[in-house]
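> Quick one: the structure is below, questions incoming.
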Amino acid sequence: MDEAYGQEVERADAALQRDDFETAFWHLERAHVLAQRMTGRHTFIHWRMLVAGLRRGDLREVVGQVPRIVASIMFSRLWVPRGNSGRSRVSAFKRMPVPEDLRHLVP
């Protein structure tokens, strides 16, 4: 799981360097699914989504990430909706399908 998470973060960062926001968010969403139960990593992914939203000029994403950052600190170990992408356009309470290639890594 550590390797998959690291790869998703690296790919997201590379996409952000190219201003390829769609690809960056795709990899951040995958990293989010992997990191939901780990407070530090979970919070880091929401922070990266906030940064990506700022760079993209996406006010909805930025505003939506602020409460998610706080919630990730408070609730990561207690309860998270399995498979949730972490994006502001999706309810923070919605369970979502885990990508097939990540299912064996997500409890």
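Chains: A, B, ... in order of the structure tokens. Residues: from 1 per chain. Ligands: from 1, in order shown.
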Chain A: which residues are helix (DSSP H, G or I) by DSSP, as a PyMOL selection string?
chain A and resi 2-17+21-35+39-56+59-75+100-105
> What lies within 8 Å of range 44-54 of chain A using only C-alpha atoms, ignoring chain neighbours under 2 positions off, as a PyMOL selection string?
chain A and resi 16+21+24-25+28+31-32+35+40-42+56-59+61-62+65-66+68-69+86-87
> Fewer than 3 positions away in the same chain doesn't count, so skip those; otherwise give me all residues within 7 Å of Glu8 in chain A, counting only C-alpha atoms, as a PDB file with N, CA, C and O atoms, in the first residue's frame.

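Result saved to selection.pdb:
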```
ATOM      1  N   ALA A   4       2.052   1.997  -3.555  1.00  0.00           N
ATOM      2  CA  ALA A   4       0.980   2.508  -4.413  1.00  0.00           C
ATOM      3  C   ALA A   4       0.649   3.955  -4.054  1.00  0.00           C
ATOM      4  O   ALA A   4       0.488   4.805  -4.944  1.00  0.00           O
ATOM      5  N   TYR A   5       0.564   4.246  -2.761  1.00  0.00           N
ATOM      6  CA  TYR A   5       0.288   5.612  -2.308  1.00  0.00           C
ATOM      7  C   TYR A   5       1.384   6.555  -2.807  1.00  0.00           C
ATOM      8  O   TYR A   5       1.094   7.620  -3.367  1.00  0.00           O
ATOM      9  N   ARG A  11       2.906  10.901  -9.087  1.00  0.00           N
ATOM     10  CA  ARG A  11       2.252  11.170 -10.372  1.00  0.00           C
ATOM     11  C   ARG A  11       1.400  12.435 -10.307  1.00  0.00           C
ATOM     12  O   ARG A  11       1.345  13.205 -11.274  1.00  0.00           O
ATOM     13  N   ALA A  12       0.747  12.651  -9.179  1.00  0.00           N
ATOM     14  CA  ALA A  12      -0.043  13.883  -9.012  1.00  0.00           C
ATOM     15  C   ALA A  12       0.873  15.097  -9.028  1.00  0.00           C
ATOM     16  O   ALA A  12       0.571  16.102  -9.689  1.00  0.00           O
ATOM     17  N   HIS A  27      -5.002  11.312  -9.802  1.00  0.00           N
ATOM     18  CA  HIS A  27      -4.042  10.615  -8.941  1.00  0.00           C
ATOM     19  C   HIS A  27      -4.253  10.968  -7.465  1.00  0.00           C
ATOM     20  O   HIS A  27      -4.098  10.106  -6.589  1.00  0.00           O
ATOM     21  N   LEU A  28      -4.615  12.206  -7.177  1.00  0.00           N
ATOM     22  CA  LEU A  28      -4.903  12.580  -5.788  1.00  0.00           C
ATOM     23  C   LEU A  28      -6.125  11.832  -5.258  1.00  0.00           C
ATOM     24  O   LEU A  28      -6.136  11.417  -4.091  1.00  0.00           O
ATOM     25  N   ARG A  30      -7.077   8.850  -6.159  1.00  0.00           N
ATOM     26  CA  ARG A  30      -6.632   7.473  -5.909  1.00  0.00           C
ATOM     27  C   ARG A  30      -5.801   7.406  -4.615  1.00  0.00           C
ATOM     28  O   ARG A  30      -5.977   6.497  -3.809  1.00  0.00           O
ATOM     29  N   ALA A  31      -4.938   8.389  -4.411  1.00  0.00           N
ATOM     30  CA  ALA A  31      -4.159   8.441  -3.174  1.00  0.00           C
ATOM     31  C   ALA A  31      -5.085   8.628  -1.972  1.00  0.00           C
ATOM     32  O   ALA A  31      -4.854   8.049  -0.907  1.00  0.00           O
TER      33      ALA A  31
END
```
> Find the spatial neighbours of Pro107 in chain A, counting only C-alpha atoms, within a cut-off of 9 Å - ignore same-chain residues fewer than 2 positions away - and output them as a list in words.
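After dropping sequence-adjacent residues, the list is Arg37, Arg82, Arg103, His104 and Leu105 of chain A.
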> Any chance you could export the current selection's N, CA, C and O atoms as a PDB file, in the first residue's frame?

```
ATOM      1  N   ARG A  37      -7.669   6.070   6.035  1.00  0.00           N
ATOM      2  CA  ARG A  37      -7.601   5.639   7.436  1.00  0.00           C
ATOM      3  C   ARG A  37      -6.304   6.067   8.136  1.00  0.00           C
ATOM      4  O   ARG A  37      -6.096   5.735   9.292  1.00  0.00           O
ATOM      5  N   ARG A  82     -15.880   4.548   2.687  1.00  0.00           N
ATOM      6  CA  ARG A  82     -14.978   3.760   1.849  1.00  0.00           C
ATOM      7  C   ARG A  82     -15.079   4.182   0.384  1.00  0.00           C
ATOM      8  O   ARG A  82     -16.167   4.319  -0.164  1.00  0.00           O
ATOM      9  N   ARG A 103      -8.450  -2.316  -4.883  1.00  0.00           N
ATOM     10  CA  ARG A 103      -9.309  -3.018  -3.910  1.00  0.00           C
ATOM     11  C   ARG A 103      -8.543  -3.893  -2.935  1.00  0.00           C
ATOM     12  O   ARG A 103      -8.874  -3.961  -1.755  1.00  0.00           O
ATOM     13  N   HIS A 104      -7.522  -4.557  -3.408  1.00  0.00           N
ATOM     14  CA  HIS A 104      -6.764  -5.448  -2.517  1.00  0.00           C
ATOM     15  C   HIS A 104      -5.941  -4.676  -1.483  1.00  0.00           C
ATOM     16  O   HIS A 104      -5.452  -5.257  -0.525  1.00  0.00           O
ATOM     17  N   LEU A 105      -5.842  -3.351  -1.628  1.00  0.00           N
ATOM     18  CA  LEU A 105      -5.055  -2.531  -0.717  1.00  0.00           C
ATOM     19  C   LEU A 105      -5.896  -1.746   0.292  1.00  0.00           C
ATOM     20  O   LEU A 105      -5.365  -1.201   1.247  1.00  0.00           O
TER      21      LEU A 105
END
```
> Taking only C-alpha atoms into account, name the residue in A:Ser88, A:Leu102, A:Met96, A:Trp26 that is nearest to Glu3 in chain A.
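Result for the nearest residue to Glu3 in chain A: A:Leu102.
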> State, in Å with one decimal place, the distance from CA of Glu29 in chain A to CA of Arg77 in chain A.
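Answer for the CA of Glu29 in chain A to CA of Arg77 in chain A separation: 18.6 Å.
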> Any idea what the distance is between CA of Arg55 in chain A and CA of Glu10 in chain A?
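Interatomic distance, CA of Arg55 in chain A to CA of Glu10 in chain A: 17.3 Å.
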